[in-house]
Each structure stands twice: as structure tokens, then as C-alpha cells.
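The file work_0.tsv contains TSV, C-alpha atoms and all ligand atoms:
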```tsv
chain	number	residue	atom	x	y	z
K	1	MET	CA	-36.50	31.81	27.91
K	2	ALA	CA	-36.39	29.76	24.63
K	3	ALA	CA	-34.91	26.23	24.89
K	4	LEU	CA	-31.36	25.81	23.50
K	5	SER	CA	-31.00	23.98	20.14
K	6	PRO	CA	-28.96	20.76	20.42
K	7	ILE	CA	-26.00	22.52	18.77
K	8	ASP	CA	-26.15	25.48	21.12
K	9	ALA	CA	-26.40	23.05	24.01
K	10	LEU	CA	-23.26	21.22	22.80
K	11	SER	CA	-21.30	24.45	22.28
K	12	ALA	CA	-22.07	25.42	25.85
K	13	LEU	CA	-20.34	22.24	27.10
K	14	TYR	CA	-17.54	21.80	24.62
K	15	GLN	CA	-14.46	23.90	23.73
K	16	GLY	CA	-13.34	22.54	20.34
K	17	VAL	CA	-14.15	23.39	16.71
K	18	LEU	CA	-17.83	22.93	15.82
K	19	LYS	CA	-19.19	23.76	12.35
K	20	LYS	CA	-22.48	23.12	10.59
K	21	GLU	CA	-22.76	22.03	6.94
K	22	GLU	CA	-18.98	21.80	6.59
K	23	PRO	CA	-17.70	20.70	3.13
K	24	MET	CA	-15.62	17.55	3.60
K	25	ALA	CA	-13.55	18.62	0.57
K	26	ARG	CA	-11.78	20.90	3.11
K	27	HIS	CA	-10.82	17.93	5.27
K	28	THR	CA	-9.67	15.30	2.77
K	29	THR	CA	-6.41	15.15	0.80
K	30	PHE	CA	-8.47	14.21	-2.29
K	31	LYS	CA	-10.14	17.64	-1.87
K	32	VAL	CA	-13.54	16.24	-2.80
K	33	GLY	CA	-16.67	15.41	-0.80
K	34	GLY	CA	-19.98	17.03	0.06
K	35	PRO	CA	-20.83	18.57	3.45
K	36	CYS	CA	-21.36	16.78	6.75
K	37	ASP	CA	-24.22	17.97	8.96
K	38	LEU	CA	-21.82	18.74	11.81
K	39	TYR	CA	-18.03	18.84	11.89
K	40	LEU	CA	-16.15	18.66	15.18
K	41	GLU	CA	-12.48	18.89	16.07
K	42	PRO	CA	-12.26	18.38	19.83
K	43	GLY	CA	-9.26	20.07	21.41
K	44	SER	CA	-8.78	17.54	24.22
K	45	LEU	CA	-9.79	14.06	25.33
K	46	ASP	CA	-12.36	15.57	27.71
K	47	ASP	CA	-13.85	17.51	24.82
K	48	LEU	CA	-14.01	14.33	22.75
K	49	ARG	CA	-15.80	12.45	25.54
K	50	ILE	CA	-18.32	15.26	26.00
K	51	ALA	CA	-19.01	15.42	22.26
K	52	VAL	CA	-19.34	11.66	21.81
K	53	ALA	CA	-21.67	11.26	24.80
K	54	PHE	CA	-23.82	14.22	23.66
K	55	LEU	CA	-24.08	13.18	20.00
K	56	THR	CA	-24.82	9.56	20.92
K	57	GLN	CA	-27.58	10.73	23.24
K	58	GLN	CA	-29.01	12.80	20.39
K	59	GLY	CA	-28.97	9.70	18.16
K	60	LEU	CA	-26.74	11.35	15.52
K	61	PRO	CA	-24.60	9.01	13.38
K	62	LEU	CA	-20.87	9.56	14.11
K	63	THR	CA	-18.01	9.22	11.65
K	64	VAL	CA	-14.55	9.41	13.20
K	65	VAL	CA	-11.68	10.58	11.03
K	66	GLY	CA	-8.07	11.64	11.37
K	67	ASP	CA	-6.56	13.80	8.62
K	68	GLY	CA	-8.74	12.47	5.79
K	69	THR	CA	-5.74	11.14	3.84
K	70	ASN	CA	-7.42	7.83	3.08
K	71	LEU	CA	-10.97	9.09	2.64
K	72	LEU	CA	-13.14	9.39	-0.44
K	73	VAL	CA	-16.27	11.23	0.65
K	74	ARG	CA	-19.15	11.00	-1.83
K	75	ASP	CA	-20.60	14.21	-3.27
K	76	GLY	CA	-23.79	13.97	-1.18
K	77	GLY	CA	-21.74	14.47	2.00
K	78	ILE	CA	-22.00	12.67	5.33
K	79	GLU	CA	-25.14	12.36	7.40
K	80	GLY	CA	-24.69	13.27	11.05
K	81	ALA	CA	-21.48	14.31	12.76
K	82	VAL	CA	-17.87	13.93	11.65
K	83	ILE	CA	-15.36	14.04	14.49
K	84	SER	CA	-11.71	14.56	13.58
K	85	LEU	CA	-9.12	13.67	16.18
K	86	ALA	CA	-6.44	15.61	14.31
K	87	GLY	CA	-6.71	18.53	16.76
K	88	ILE	CA	-5.94	16.41	19.87
K	89	ASP	CA	-2.19	16.53	19.49
K	90	ILE	CA	-0.90	15.86	22.96
K	91	ALA	CA	2.50	14.64	24.06
K	92	ILE	CA	3.95	11.22	23.31
K	93	LYS	CA	4.98	9.38	26.51
K	94	GLU	CA	8.21	7.35	26.59
K	95	GLU	CA	9.09	4.42	28.81
K	96	LYS	CA	12.46	2.64	28.59
K	97	THR	CA	13.20	-0.89	29.73
K	98	ASP	CA	16.19	-3.14	28.95
K	99	GLY	CA	16.71	-2.68	25.22
K	100	GLU	CA	13.07	-1.82	24.52
K	101	ILE	CA	11.15	1.42	24.27
K	102	PHE	CA	7.43	1.77	24.79
K	103	LEU	CA	5.69	4.85	23.40
K	104	THR	CA	2.15	5.84	24.34
K	105	VAL	CA	0.92	7.86	21.40
K	106	PRO	CA	-2.36	9.84	21.26
K	107	ALA	CA	-4.38	9.09	18.11
K	108	GLY	CA	-4.28	12.71	16.90
K	109	VAL	CA	-0.47	12.78	16.61
K	110	LYS	CA	0.66	13.00	12.99
K	111	THR	CA	2.25	9.78	11.80
K	112	GLN	CA	5.14	11.77	10.31
K	113	HIS	CA	5.76	13.55	13.62
K	114	LEU	CA	5.89	10.14	15.34
K	115	CYS	CA	8.32	8.71	12.75
K	116	ARG	CA	10.68	11.68	13.11
K	117	PHE	CA	10.36	11.62	16.91
K	118	ALA	CA	11.44	7.96	16.96
K	119	ALA	CA	14.28	8.24	14.43
K	120	VAL	CA	15.99	11.26	16.02
K	121	ARG	CA	15.99	9.47	19.39
K	122	GLY	CA	17.44	6.30	17.84
K	123	TYR	CA	14.27	4.25	18.43
K	124	GLN	CA	13.99	1.54	15.84
K	125	GLY	CA	10.80	0.11	14.32
K	126	LEU	CA	8.95	3.05	12.77
K	127	ASN	CA	10.94	3.82	9.63
K	128	PHE	CA	8.61	1.54	7.64
K	129	ALA	CA	5.99	4.33	7.96
K	130	THR	CA	8.25	7.12	6.65
K	131	GLY	CA	6.18	9.35	4.37
K	132	ILE	CA	2.72	7.96	5.28
K	133	PRO	CA	0.56	11.06	5.90
K	134	GLY	CA	-2.33	11.32	8.35
K	135	THR	CA	-2.73	10.64	12.05
K	136	VAL	CA	-1.70	7.68	14.16
K	137	GLY	CA	-5.40	6.88	14.83
K	138	GLY	CA	-6.03	6.59	11.08
K	139	ALA	CA	-2.83	4.57	10.62
K	140	LEU	CA	-3.97	2.09	13.26
K	141	ALA	CA	-7.54	1.80	11.96
K	142	MET	CA	-6.11	1.14	8.48
K	143	ASN	CA	-3.09	-0.89	9.63
K	144	ALA	CA	-1.19	1.48	7.36
K	145	GLY	CA	2.18	0.34	6.12
K	146	THR	CA	4.58	-0.30	3.30
K	147	ASP	CA	6.57	-3.28	2.03
K	148	ARG	CA	8.75	-2.81	5.16
K	149	GLY	CA	6.03	-3.35	7.75
K	150	ALA	CA	2.75	-2.10	9.15
K	151	PHE	CA	1.46	-0.57	12.37
K	152	GLY	CA	0.04	-3.87	13.62
K	153	ASP	CA	3.63	-5.18	13.93
K	154	ILE	CA	4.46	-2.77	16.78
K	155	VAL	CA	1.18	-2.42	18.70
K	156	GLU	CA	1.15	-3.60	22.33
K	157	SER	CA	-2.33	-2.31	23.13
K	158	LEU	CA	-4.93	0.26	22.08
K	159	THR	CA	-7.02	2.53	24.28
K	160	LEU	CA	-10.52	2.89	22.91
K	161	LEU	CA	-13.53	5.09	23.52
K	162	ASP	CA	-16.92	3.47	23.08
K	163	ALA	CA	-20.06	5.34	22.06
K	164	PRO	CA	-21.34	5.90	25.62
K	165	GLY	CA	-18.04	7.64	26.41
K	166	LYS	CA	-16.28	4.75	28.24
K	167	LEU	CA	-12.50	4.24	27.90
K	168	ARG	CA	-10.96	0.75	27.83
K	169	THR	CA	-7.66	-0.82	26.85
K	170	VAL	CA	-7.42	-3.82	24.53
K	171	GLU	CA	-4.21	-5.89	24.33
K	172	ALA	CA	-2.67	-6.88	21.00
K	173	VAL	CA	-3.84	-10.51	21.29
K	174	ALA	CA	-7.45	-9.32	20.90
K	175	LEU	CA	-6.63	-7.24	17.79
K	176	ASP	CA	-6.78	-8.77	14.33
K	177	PHE	CA	-4.35	-6.83	12.12
K	178	ALA	CA	-3.96	-7.88	8.47
K	179	TYR	CA	-3.12	-6.11	5.20
K	180	ARG	CA	-4.81	-2.65	5.53
K	181	HIS	CA	-7.24	-4.20	7.99
K	182	LEU	CA	-7.90	-4.04	11.72
K	183	ALA	CA	-10.75	-5.85	13.46
K	184	ILE	CA	-11.32	-5.13	17.12
K	185	GLU	CA	-13.40	-7.96	18.57
K	186	GLY	CA	-14.71	-8.66	15.06
K	187	VAL	CA	-15.63	-5.02	14.30
K	188	THR	CA	-13.84	-3.09	11.50
K	189	ARG	CA	-13.76	0.57	10.44
K	190	HIS	CA	-16.56	-0.17	7.96
K	191	ASP	CA	-18.94	-0.92	10.88
K	192	ALA	CA	-20.90	1.82	12.63
K	193	ASP	CA	-19.88	0.47	16.07
K	194	PHE	CA	-16.11	0.57	15.43
K	195	PRO	CA	-14.70	2.18	18.59
K	196	ILE	CA	-12.71	5.41	18.57
K	197	ILE	CA	-8.99	4.73	18.92
K	198	VAL	CA	-7.78	7.23	21.49
K	199	SER	CA	-4.16	6.13	21.91
K	200	ALA	CA	-1.77	3.28	21.28
K	201	ARG	CA	1.08	1.74	23.19
K	202	LEU	CA	3.82	0.87	20.69
K	203	ARG	CA	6.90	-1.32	21.21
K	204	LEU	CA	10.18	-0.20	19.58
K	205	GLY	CA	13.81	-1.25	19.80
K	206	LEU	CA	17.03	0.70	20.24
K	207	GLY	CA	18.90	1.49	17.02
K	208	ASP	CA	21.54	3.81	15.62
K	209	ARG	CA	20.25	7.38	15.39
K	210	ASP	CA	22.35	8.44	12.38
K	211	ALA	CA	21.52	5.28	10.42
K	212	LEU	CA	17.79	5.69	11.15
K	213	VAL	CA	17.80	9.36	10.13
K	214	SER	CA	19.67	8.73	6.87
K	215	GLU	CA	17.40	5.77	6.05
K	216	ARG	CA	14.43	8.12	6.54
K	217	GLU	CA	15.88	10.63	4.09
K	218	GLU	CA	16.47	7.91	1.53
K	219	LEU	CA	12.91	6.56	1.92
K	220	LEU	CA	11.41	10.05	1.57
K	221	ALA	CA	13.42	10.71	-1.60
K	222	ARG	CA	12.36	7.35	-3.05
K	223	ARG	CA	8.70	8.13	-2.31
K	224	LYS	CA	8.97	11.57	-3.92
K	225	ALA	CA	10.43	10.04	-7.08
K	226	SER	CA	7.84	7.26	-7.43
K	227	GLN	CA	4.57	8.74	-6.11
K	228	PRO	CA	2.63	11.92	-7.00
K	229	VAL	CA	2.94	13.28	-3.45
K	230	ASN	CA	2.14	16.86	-4.47
K	231	LEU	CA	-1.21	16.19	-6.17
K	232	PRO	CA	-4.49	15.69	-4.26
K	233	SER	CA	-5.09	11.95	-3.76
K	234	ALA	CA	-5.72	9.43	-1.01
K	235	GLY	CA	-2.59	7.38	-1.72
K	236	CYS	CA	-2.95	4.00	-3.39
K	237	PHE	CA	-6.54	3.67	-4.52
K	238	PHE	CA	-6.74	-0.14	-4.66
K	239	LYS	CA	-5.31	-2.84	-2.42
K	240	ASN	CA	-2.78	-5.15	-4.01
K	241	PRO	CA	-4.68	-8.33	-4.85
K	242	PRO	CA	-3.64	-11.40	-2.81
K	243	GLN	CA	-2.77	-13.25	-6.02
K	244	GLY	CA	-0.96	-11.84	-9.04
K	245	PRO	CA	0.97	-8.60	-9.60
K	246	PRO	CA	0.45	-5.38	-7.57
K	247	ALA	CA	-2.59	-3.26	-8.48
K	248	GLY	CA	-0.41	-0.48	-9.98
K	249	GLN	CA	1.25	-2.93	-12.35
K	250	LEU	CA	-2.12	-4.37	-13.47
K	251	ILE	CA	-3.54	-0.89	-14.11
K	252	ASP	CA	-0.40	0.32	-15.91
K	253	GLY	CA	-0.38	-2.85	-18.04
K	254	LEU	CA	-3.85	-1.95	-19.32
K	255	GLY	CA	-2.65	1.47	-20.47
K	256	PHE	CA	-4.54	3.52	-17.89
K	257	LYS	CA	-1.70	5.91	-16.93
K	258	GLY	CA	-2.87	9.42	-17.79
K	259	ALA	CA	-6.54	8.35	-18.31
K	260	ILE	CA	-8.92	11.19	-17.42
K	261	GLN	CA	-12.52	11.26	-16.21
K	262	GLY	CA	-13.81	14.79	-15.58
K	263	GLY	CA	-11.33	16.21	-13.04
K	264	ALA	CA	-9.91	12.81	-12.04
K	265	LYS	CA	-6.81	11.26	-13.58
K	266	VAL	CA	-4.72	8.12	-13.25
K	267	SER	CA	-1.28	9.38	-12.21
K	268	GLU	CA	1.45	9.09	-14.84
K	269	LEU	CA	3.95	8.40	-12.05
K	270	HIS	CA	2.12	5.58	-10.25
K	271	ALA	CA	-0.91	3.93	-11.85
K	272	ASN	CA	-2.51	3.00	-8.50
K	273	TYR	CA	-2.84	6.71	-7.61
K	274	LEU	CA	-5.99	8.44	-8.82
K	275	VAL	CA	-5.41	12.18	-8.54
K	276	ASN	CA	-7.63	15.25	-8.54
K	277	ILE	CA	-6.36	17.55	-11.26
K	278	GLY	CA	-8.31	20.52	-9.97
K	279	SER	CA	-12.02	20.13	-10.28
K	280	ALA	CA	-12.80	16.47	-9.64
K	281	THR	CA	-15.97	15.32	-7.95
K	282	ALA	CA	-16.13	12.09	-5.98
K	283	GLY	CA	-18.35	10.91	-8.83
K	284	ASP	CA	-15.50	11.44	-11.36
K	285	ILE	CA	-13.08	9.48	-9.20
K	286	LEU	CA	-15.55	6.64	-8.67
K	287	THR	CA	-16.37	6.45	-12.38
K	288	LEU	CA	-12.66	6.26	-13.25
K	289	ALA	CA	-12.14	3.61	-10.55
K	290	GLY	CA	-15.13	1.67	-11.93
K	291	ARG	CA	-13.62	1.69	-15.45
K	292	ILE	CA	-10.35	0.33	-14.05
K	293	LYS	CA	-12.07	-2.38	-12.01
K	294	GLU	CA	-14.10	-3.54	-14.98
K	295	ARG	CA	-11.09	-3.80	-17.32
K	296	VAL	CA	-8.94	-5.58	-14.72
K	297	LYS	CA	-11.77	-8.06	-14.06
K	298	GLN	CA	-12.38	-8.66	-17.79
K	299	THR	CA	-8.71	-9.03	-18.69
K	300	HIS	CA	-7.26	-10.79	-15.64
K	301	GLY	CA	-10.31	-12.14	-13.79
K	302	ILE	CA	-9.14	-10.19	-10.70
K	303	GLN	CA	-11.60	-8.20	-8.62
K	304	LEU	CA	-9.76	-5.12	-7.33
K	305	GLU	CA	-10.82	-3.86	-3.91
K	306	GLU	CA	-10.56	-0.25	-2.76
K	307	GLU	CA	-7.87	0.62	-0.23
K	308	VAL	CA	-9.38	4.10	0.16
K	309	THR	CA	-12.26	4.32	2.60
K	310	LEU	CA	-15.45	5.30	0.82
K	311	VAL	CA	-17.96	7.16	2.99
K	312	GLY	CA	-21.05	9.33	2.60
K	313	ARG	CA	-24.14	9.40	0.47
K	314	GLU	CA	-24.73	9.77	-3.27
K	315	ALA	CA	-25.33	13.35	-4.49
K	401	LIG	C1	0.23	10.85	-0.73
K	401	LIG	C2	-0.28	9.71	0.11
K	401	LIG	C3	0.54	8.62	0.37
K	401	LIG	C4	0.07	7.54	1.13
K	401	LIG	N1	0.91	6.49	1.39
K	401	LIG	C5	0.46	5.44	2.13
K	401	LIG	C6	1.31	4.31	2.39
K	401	LIG	O1	2.45	4.25	1.98
K	401	LIG	N2	0.80	3.29	3.14
K	401	LIG	C7	-0.47	3.32	3.64
K	401	LIG	O2	-0.88	2.37	4.32
K	401	LIG	N3	-1.29	4.38	3.42
K	401	LIG	C8	-0.86	5.43	2.68
K	401	LIG	N4	-1.69	6.49	2.44
K	401	LIG	C9	-3.08	6.47	2.95
K	401	LIG	C10	-3.26	7.16	4.33
K	401	LIG	O3	-2.32	8.17	4.49
K	401	LIG	C11	-3.17	6.19	5.51
K	401	LIG	O4	-4.15	5.21	5.44
K	401	LIG	C12	-3.30	6.97	6.85
K	401	LIG	O5	-2.80	6.17	7.87
K	401	LIG	C13	-4.72	7.43	7.16
K	401	LIG	O6	-4.67	8.29	8.29
K	401	LIG	P1	-5.73	9.48	8.50
K	401	LIG	O7	-5.52	10.06	9.84
K	401	LIG	O8	-5.66	10.44	7.39
K	401	LIG	O9	-7.09	8.65	8.46
K	401	LIG	P2	-8.45	9.06	7.71
K	401	LIG	O10	-8.23	9.06	6.24
K	401	LIG	O11	-9.01	10.28	8.32
K	401	LIG	O12	-9.36	7.79	8.10
K	401	LIG	C14	-9.06	6.51	7.57
K	401	LIG	C15	-9.96	5.46	8.27
K	401	LIG	O13	-9.59	5.35	9.63
K	401	LIG	C16	-10.70	5.63	10.49
K	401	LIG	N5	-10.15	6.37	11.63
K	401	LIG	C17	-9.36	7.47	11.59
K	401	LIG	N6	-9.00	7.84	12.83
K	401	LIG	C18	-9.60	6.97	13.68
K	401	LIG	C19	-9.62	6.83	15.11
K	401	LIG	N7	-8.93	7.64	15.92
K	401	LIG	N8	-10.35	5.82	15.64
K	401	LIG	C20	-11.05	4.97	14.82
K	401	LIG	N9	-11.06	5.05	13.49
K	401	LIG	C21	-10.34	6.03	12.91
K	401	LIG	C22	-11.67	6.45	9.65
K	401	LIG	O14	-13.00	6.30	10.09
K	401	LIG	C23	-11.45	5.82	8.27
K	401	LIG	O15	-12.20	4.63	8.17
K	401	LIG	C24	-1.25	7.58	1.67
K	401	LIG	C25	-2.07	8.69	1.42
K	401	LIG	C26	-1.60	9.75	0.65
K	401	LIG	C27	-2.48	10.94	0.41
```

For the file at hand, write its structure as C-alpha cells.
Amino acid sequence: MAALSPIDALSALYQGVLKKEEPMARHTTFKVGGPCDLYLEPGSLDDLRIAVAFLTQQGLPLTVVGDGTNLLVRDGGIEGAVISLAGIDIAIKEEKTDGEIFLTVPAGVKTQHLCRFAAVRGYQGLNFATGIPGTVGGALAMNAGTDRGAFGDIVESLTLLDAPGKLRTVEAVALDFAYRHLAIEGVTRHDADFPIIVSARLRLGLGDRDALVSEREELLARRKASQPVNLPSAGCFFKNPPQGPPAGQLIDGLGFKGAIQGGAKVSELHANYLVNIGSATAGDILTLAGRIKERVKQTHGIQLEEEVTLVGREA
């Protein structure tokens, strides 16, 4: 009998989604990006462990993603395997103590599901994240947030999966959260050995259910009015610089609103959003971003840094 190919061997062990040459444009909110060699969406934690152990043994590079809402995948695609945790959507566990609530949240849970879950139960501390798309794993890796707070503020501990398939829990004191940044023992999401975040234990307070729910509605309406939430993007493209005005204000001040490069455009609603107006390539978006960076540097002497996570190879 002929020997099984590595992919056939993996599909014999694993139950989740497994695709070859999968266009990443299908898995990013920017709707751009070339194919990855293998795309996996494990259906359970066991599936994830099997896949990670197998792919590591095969020596394939692994890229872990959530919902792709912060990703800009280059047109040449991603070498090796992409594993999305978005399919592992298991239950949130609740634990109540005197005046505090602890939630254990699997990384694949949608951030918006978590925010609603907390507000309707009167748990306080998550409304800052109202409207942030993507998964909780992605939100933690990014330390996603708004001017009202960020995920790092409420993390008690993270459970991680290392490349050989070993689970461990790391307490908040060992986690370095900063503006759109998380380092776990000195390793960030830009490093190949960044561990997979499998779940988080979050600390919340007790609040007033009706007040939390109406605050949510107000925050969602404000977001809809000020951000192009219905056009393909990855949210704010650049981080706000530590000194000086926010990136959107700098870009708007230079007259970039509405600027077009191929299928990419600077949103008219919010100048820090680059949007795909239908046929953008990652190359178009990067060229437009490069024009903005150059002008901001020339005019203000400020070096803008990407908030979006750039991955993959050149076309
Ligand atoms: C319309 C719009 C509005 C947005 N508004 C905001 C906002 O207000 N504030 C904000 O902070 N962001 C915002 N974003 C950006 C984005 O939604 C957040 O960064 C989000 O938390 C990313 O989650 P994700 O699951 O999509 O992660 P992905 O985009 O899939 O991945 C992001 C990074 O996290 C890593 N990662 C993902 N999951 C894991 C895991 N389980 N373990 C280890 N690493 C992992 C990936 O490798 C990658 O480096 C917005 C995006 C859009 C499209």
C-alpha cells in the first residue's frame, strides 16, 4: 500500500477544516491576501493540539489567527500552515466571588459575543471593547482596546499552547501589556515562537445591567457614525504616535481623505482607516500606506507605525 501524504495523515487524525492553497482574502476583513499552503480551523482544543503537534513535527511554519480583522496578508500568501481558532467557540465559564466575577473565555469566542454576554448579565468592565470585531485570542494578542480601556486591564491569566502541544497558564504579572502590544516572557506576536493563546481568565465587576446595555448601544451608534464599519478594512491602520496628535488627525491634516491607490482608499469618514473599495491588492494598500508614512515623516518628523499586522510574502 502507498504511504500516506502528510496531509492525508493529518486528516486521518484530525476532525476540523483543512484546506490546501486557501486564499487568505477569504479569511481577512480587508478581503486581500494570497493563499496559504494549508489552512486549518480546528473544531476543538484536542483538534488544535493534534494539528499543532503534527505540523511542528513536519517542520511547517505556523501562523495562528483569529478572525483576520487586524491582518494584512501580502499578495504572495503565507508559507506553511495558517491555523484559525475562530471555529473553537466553546462555552464561557463564570465564577462569582464577593463583588467580583471571573470569566474563563476560550480564545475562539467572538469579542462581540463576550461583550454582550457580560453586559446583559450586569458584569462591568468589558464595555470598552464594544464594537471591536474578531476573536478574544486576537484581542489579547493585540491588547485591543479603545480610549476607554484595553484587554490587558482585565486579564488575570492566560492559558497558552506551546509548539510541542503543551498547555500552561501564565499569570498577569508575567504578561507585558502596552498600547496594542503584548509580550509573553519577552516574545510578541511578531515572533515565530509566540505561543497560541487558548483561553483567558478575566476579572470583571458587578454593575447595573440596564446602564451597561444602554451604554453599549450608545457606543455602537457612535462607532457607526465615525468609522467606515461596512467597508472592508482592518480597523485603524496606524498606531497613534506616542507624541503629537492621533494618526487620523495627522493624515486628515495632510489632505489624504479620499486618496485612492488602485483599489485602496483612505476613508472619507476616518482618515486612519484604509479601505478596500472592491478590487484592492495588498500591494495597493501598502503603497497607499507608504505614501502616507512618507508625507507624515516629511511634514511632521513623525514615523507612523502600523497597527495592522502585516504577514506573508511579496507576490
Ligand atoms: C471595523 C474594524 C474596527 C476595529 N476597531 C478596533 C478597535 O476599536 N480597537 C482595536 O484595538 N482594534 C480594532 N480593530 C482591529 C481588530 O479587530 C482587533 O485587533 C481584534 O482584536 C483582532 O482580533 P482577530 O481575532 O481578528 O485577530 P487576527 O486579526 O486574526 O490576528 C491579529 C494578531 O493576533 C494574533 N493572534 C490571533 N489569535 C491568536 C491566538 N489565539 N493566539 C496567539 N496569537 C493570536 C495573530 O497572529 C495576529 O498577529 C478593528 C478592526 C476592524 C475591521

Do you know which residues are at most 12 Å from K:Asp46 counting only C-alpha atoms, after dropping those on the same chain fewer than 5 positions away, and could you put them as a compact mmCIF listing (two decimals) with C-alpha atoms, keeping the file's coordinate frame?
```
# COMPACT_ATOMS: atom_id res chain seq x y z
CA LEU K 13 -20.34 22.24 27.10
CA TYR K 14 -17.54 21.80 24.62
CA GLN K 15 -14.46 23.90 23.73
CA GLY K 16 -13.34 22.54 20.34
CA ALA K 51 -19.01 15.42 22.26
CA VAL K 52 -19.34 11.66 21.81
CA ALA K 53 -21.67 11.26 24.80
CA ILE K 88 -5.94 16.41 19.87
CA LEU K 161 -13.53 5.09 23.52
CA GLY K 165 -18.04 7.64 26.41
CA LYS K 166 -16.28 4.75 28.24
CA LEU K 167 -12.50 4.24 27.90
CA VAL K 198 -7.78 7.23 21.49
```

Next on the checklist: Neighbours of ligand LIG 401 (chain K) at 7 Å or closer, counting only C-alpha atoms and all ligand atoms: which residues, as a PyMOL selection string?
Outcome noted: chain K and resi 29+63-71+85+107-108+129+131-146+180+189-190+194-198+228-229+232-236+309

Next on the checklist: With only C-alpha atoms as the counted atoms, please give the residues lying no more than 10 Å from K:Leu250, apart from itself and same-chain residues fewer than 3 positions off, as a PyMOL selection string.
Outcome noted: chain K and resi 240-241+244-247+253-256+271-272+292+295-296+299-300+302+304

Taking all atoms of stretch 109-112 of chain K that appear in the file, build a box with edges along x, y and z, extend it by 3 Å on every side, and state its centre and edge lengths in Å to one decimal, as lines of an AutoDock Vina configuration file.
```
center_x = 2.3
center_y = 11.4
center_z = 13.5
size_x = 11.6
size_y = 9.2
size_z = 12.3
```

Next on the checklist: As an exercise, work out the distance from atom CA of K:Leu158 to atom CA of K:Ile92 in Å and give it to one decimal place.
Outcome noted: 14.2 Å

Checklist entry - Residues at most 9 Å from K:Val173, counting all atoms listed in the file, excluding those fewer than 3 positions away in the same chain, as a ChimeraX atom specification? => result /K:156-157,170,176

Checklist entry - Given the choices K:Lys96, K:Arg49, K:Lys293, K:Lys31, which gets closest to K:Val275 if the distance is worked out from all atoms listed in the file? => result K:Lys31
